[in-house]
Amino acid sequence: MRVGLVTSAYAPERGGLESYVENLTNALVRIGCSVEVLTQCPYGKDVAWSGGETYAGSTVRHFPDMTHTQHFRIAPSLWTYLKHAGSEYDVLHAHNFHAFPCVAAALASETPLVVSPHFHAVGHTFAARMLHIPYDRIAHKIFSRAHAAICDSRAEAALLRSKYPEFDSRIRVVGTGVDSAELATIDPFELDPPIVLAGGRLVPYKRIPRIVKSFAELRSDATLVITGTGPDESRIRALIDELGLSDRVLMVGQIDRAELQRWQRTASVVVSLSTQEAFGLGLAEAAVAGAWMIASDIPAHREVTSMAGDISGLVDVDATTVEVGARIEEAIHRQRRMVAQLGFATWDEVAALVQDTYLDALDKQR
């Protein structure tokens, strides 16, 4: 089966979406699918849409953004490619309901379509929320075209049903994967102070500044490691300087998967205070790698902590930084867990369920 994975961003760019699609790509290849990734790239990157490059063993076709923006990339050449070459794939699997590539996959081609919305219901900025009003009509066209909408969690599925109840029969909860066997082969960093890990895409809804302020409440010796880049980066750096934490907080920026896994294997605690998530892949990976979780009490995080068998790390979304700091303090004094699969599926198990969805889409198309 030839699969076109259409996504708004992909490795070497880093974030939850990029990690999800990369892991799924690799797992689909392992179970016998032929996969090409069709993605956007930042304006000015010299990549011909008719070509392709190899990344981690898969063909990746980059289509340059023409908006010069980080959050609202539009690559017209991706639309053109799907219009003329979309039929070369048995199925298109579009990721990120909130972005242009999903629209292109739905409207520029008649190839059987599966959508992974990674759905947050509304935008995370004022501009994004305003755009969602007219975008709602397009959303109905996307879901009308899709043979199935694959959700990362029951929490995401419930949110999607509440917004688009008429598409309930097309929603499937497949989940996301974590591979303990792979994490067990990763060597942790040899560091003395306990590591508190946070990060991802540095955007407001992730509330990294709140994590920094909570970390400042710790009395114990520890180091906060923040991964990723994004529009909140300068604000976070200024806050670190303001609180006098420059020698205790390490911002490592955009790192590759191997380095991220080393931090996950090293961390005593992983923290996420996000207000909205479709799942919480970073939390799940760090938990499987042996870290304790401190997470905002939102539906997706409740699901992750339940699967990990430890809901004790949930904190109220409105918890004070003193309260969050106290929970982090408690967690860093606990002995790190062993690497274990816990209640999470492996990526090969996820890929098999996704492949079943593809086959079902092909059957319905015939």
# chains A, B, ... in the order shown; residues from 1 in each chain; ligands from 1
$ closest_atom_pairs --of "region 245-334 of chain A" --to "region 98-118 of chain A" --cutoff "9 Å" --atoms "only C-alpha atoms" --output "CSV"
residue,atom,partner,partner_atom,distance
A:Glu277,CA,A:His118,CA,8.3
A:Ala278,CA,A:His118,CA,5.6
A:Phe279,CA,A:His118,CA,8.3
$ select_by_dssp --residues "region 94-287 of chain A" --states "helix (DSSP H, G or I)" --output "ChimeraX atom specification"
/A:100-107,126-145,154-163,165-170,180-184,204-206,208-215,233-242,257-266,281-287
$ select_by_dssp --residues "region 213-287 of chain A" --states "strand (DSSP E or B)" --output "ChimeraX atom specification"
/A:223-227,249-253,269-272
$ residues_around --residues "Val21 (chain A)" --least-positions-apart "5" --cutoff "12 Å" --atoms "only C-alpha atoms" --output "mmCIF file with C-alpha atoms, in the first residue's frame"
data_model
loop_
_atom_site.group_PDB
_atom_site.id
_atom_site.type_symbol
_atom_site.label_atom_id
_atom_site.label_comp_id
_atom_site.auth_asym_id
_atom_site.auth_seq_id
_atom_site.Cartn_x
_atom_site.Cartn_y
_atom_site.Cartn_z
ATOM 1 C CA GLY A 4 0.977 9.825 1.431
ATOM 2 C CA LEU A 5 1.318 11.310 4.937
ATOM 3 C CA VAL A 6 0.394 14.984 4.608
ATOM 4 C CA THR A 7 1.516 17.150 7.508
ATOM 5 C CA SER A 8 2.084 20.801 8.346
ATOM 6 C CA ALA A 9 5.600 20.148 9.695
ATOM 7 C CA TYR A 10 8.064 17.289 9.963
ATOM 8 C CA ALA A 11 11.513 16.410 11.269
ATOM 9 C CA PRO A 12 14.076 17.844 11.617
ATOM 10 C CA GLU A 13 11.598 20.417 12.972
ATOM 11 C CA ARG A 14 10.526 19.400 16.466
ATOM 12 C CA GLY A 15 7.230 19.311 18.332
ATOM 13 C CA GLY A 16 4.538 16.842 19.340
ATOM 14 C CA ASN A 26 8.741 4.568 10.691
ATOM 15 C CA ALA A 27 6.243 2.066 12.124
ATOM 16 C CA LEU A 28 4.147 1.951 8.934
ATOM 17 C CA VAL A 35 5.240 5.872 2.783
ATOM 18 C CA GLU A 36 6.032 9.340 1.487
ATOM 19 C CA VAL A 37 5.789 12.376 3.745
ATOM 20 C CA LEU A 38 4.407 15.518 2.109
ATOM 21 C CA THR A 39 5.086 18.571 4.234
ATOM 22 C CA SER A 58 11.662 7.588 4.188
ATOM 23 C CA VAL A 60 10.103 13.408 2.391
ATOM 24 C CA HIS A 93 -3.411 10.522 5.674
ATOM 25 C CA ALA A 94 -3.622 14.205 6.609
ATOM 26 C CA HIS A 95 -2.417 15.464 9.985
ATOM 27 C CA ASN A 96 -3.340 18.653 11.851
ATOM 28 C CA SER A 116 -5.725 12.799 12.212
ATOM 29 C CA HIS A 118 -4.813 16.500 16.609
ATOM 30 C CA ASP A 152 -4.917 10.413 19.698
ATOM 31 C CA THR A 176 -0.363 7.211 20.159
ATOM 32 C CA GLY A 177 2.601 4.943 20.730
ATOM 33 C CA LEU A 281 3.212 12.412 23.900
ATOM 34 C CA TRP A 347 4.139 2.275 17.690
ATOM 35 C CA VAL A 350 -0.646 1.856 16.568
ATOM 36 C CA ALA A 351 0.542 1.466 12.960
#
$ closest_residue --among "A:Leu283, A:Gln365, A:Phe97, A:Ala181" --to "Cys151 (chain A)" --atoms "only C-alpha atoms"
A:Phe97
$ closest_residue --among "A:Ala287, A:Ile186, A:Ala146, A:Ala155" --to "Ser169 (chain A)" --atoms "only C-alpha atoms"
A:Ala146
$ closest_residue --among "A:Leu273, A:Ala222, A:Leu24, A:Glu330" --to "Thr346 (chain A)" --atoms "only C-alpha atoms"
A:Leu24
$ residues_around --residues "Pro209 (chain A)" --least-positions-apart "4" --cutoff "8 Å" --atoms "only C-alpha atoms" --output "MDAnalysis selection string"
chainID A and resid 213 235:236 239
$ write_last_selection --atoms "C-alpha atoms" --output "compact mmCIF listing (two decimals), in the first residue's frame"
# COMPACT_ATOMS: atom_id res chain seq x y z
CA LYS A 213 8.19 30.32 38.19
CA ARG A 235 9.97 35.87 27.09
CA ILE A 236 11.14 32.70 28.83
CA LEU A 239 12.06 35.54 32.97
$ closest_residue --among "A:Ser162, A:Ser144, A:Gln261, A:Thr25" --to "Thr185 (chain A)" --atoms "only C-alpha atoms"
A:Gln261
$ atom_distance --atom1 "CA of Pro76 (chain A)" --atom2 "CA of Lys141 (chain A)"
19.0 Å
$ residues_around --residues "Ser312 (chain A)" --least-positions-apart "5" --cutoff "12 Å" --atoms "only C-alpha atoms" --output "ChimeraX atom specification"
/A:292-297,301-302,304-306,327-328,330-331
$ write_last_selection --atoms "C-alpha atoms" --output "compact mmCIF listing (two decimals), in the first residue's frame"
# COMPACT_ATOMS: atom_id res chain seq x y z
CA TRP A 292 7.61 11.01 37.42
CA MET A 293 4.91 13.27 35.96
CA ILE A 294 3.60 16.63 37.13
CA ALA A 295 0.79 17.65 34.76
CA SER A 296 -2.13 20.04 34.57
CA ASP A 297 -5.44 18.33 35.25
CA HIS A 301 -3.34 14.49 30.82
CA ARG A 302 -5.78 12.52 32.99
CA VAL A 304 -1.95 9.78 30.08
CA THR A 305 -1.44 9.56 33.83
CA SER A 306 -4.11 6.86 34.09
CA ARG A 327 4.68 18.91 43.88
CA ILE A 328 7.86 19.05 41.81
CA GLU A 330 8.18 15.94 46.25
CA ALA A 331 8.68 14.17 42.92
$ closest_residue --among "A:Arg237, A:Arg336, A:Arg248, A:Arg201" --to "Ala291 (chain A)" --atoms "only C-alpha atoms"
A:Arg336
$ closest_residue --among "A:Val3, A:Ala289, A:Ala157, A:Leu197" --to "Glu182 (chain A)" --atoms "only C-alpha atoms"
A:Ala289
$ residues_around --residues "Met1 (chain A)" --least-positions-apart "6" --cutoff "8 Å" --atoms "only C-alpha atoms" --output "CSV table (one decimal) with N, CA and C atoms, in the first residue's frame"
chain,number,residue,atom,x,y,z
A,32,GLY,N,5.3,-2.8,6.4
A,32,GLY,CA,5.1,-3.1,5.0
A,32,GLY,C,4.5,-2.0,4.1
A,33,CYS,N,4.2,-0.9,4.7
A,33,CYS,CA,3.6,0.2,3.8
A,33,CYS,C,4.7,1.0,3.1
A,34,SER,N,4.5,1.5,2.0
A,34,SER,CA,5.4,2.4,1.3
A,34,SER,C,4.9,3.8,1.6
A,90,ASP,N,-2.4,5.2,-2.7
A,90,ASP,CA,-3.6,4.5,-2.4
A,90,ASP,C,-4.5,5.2,-1.4
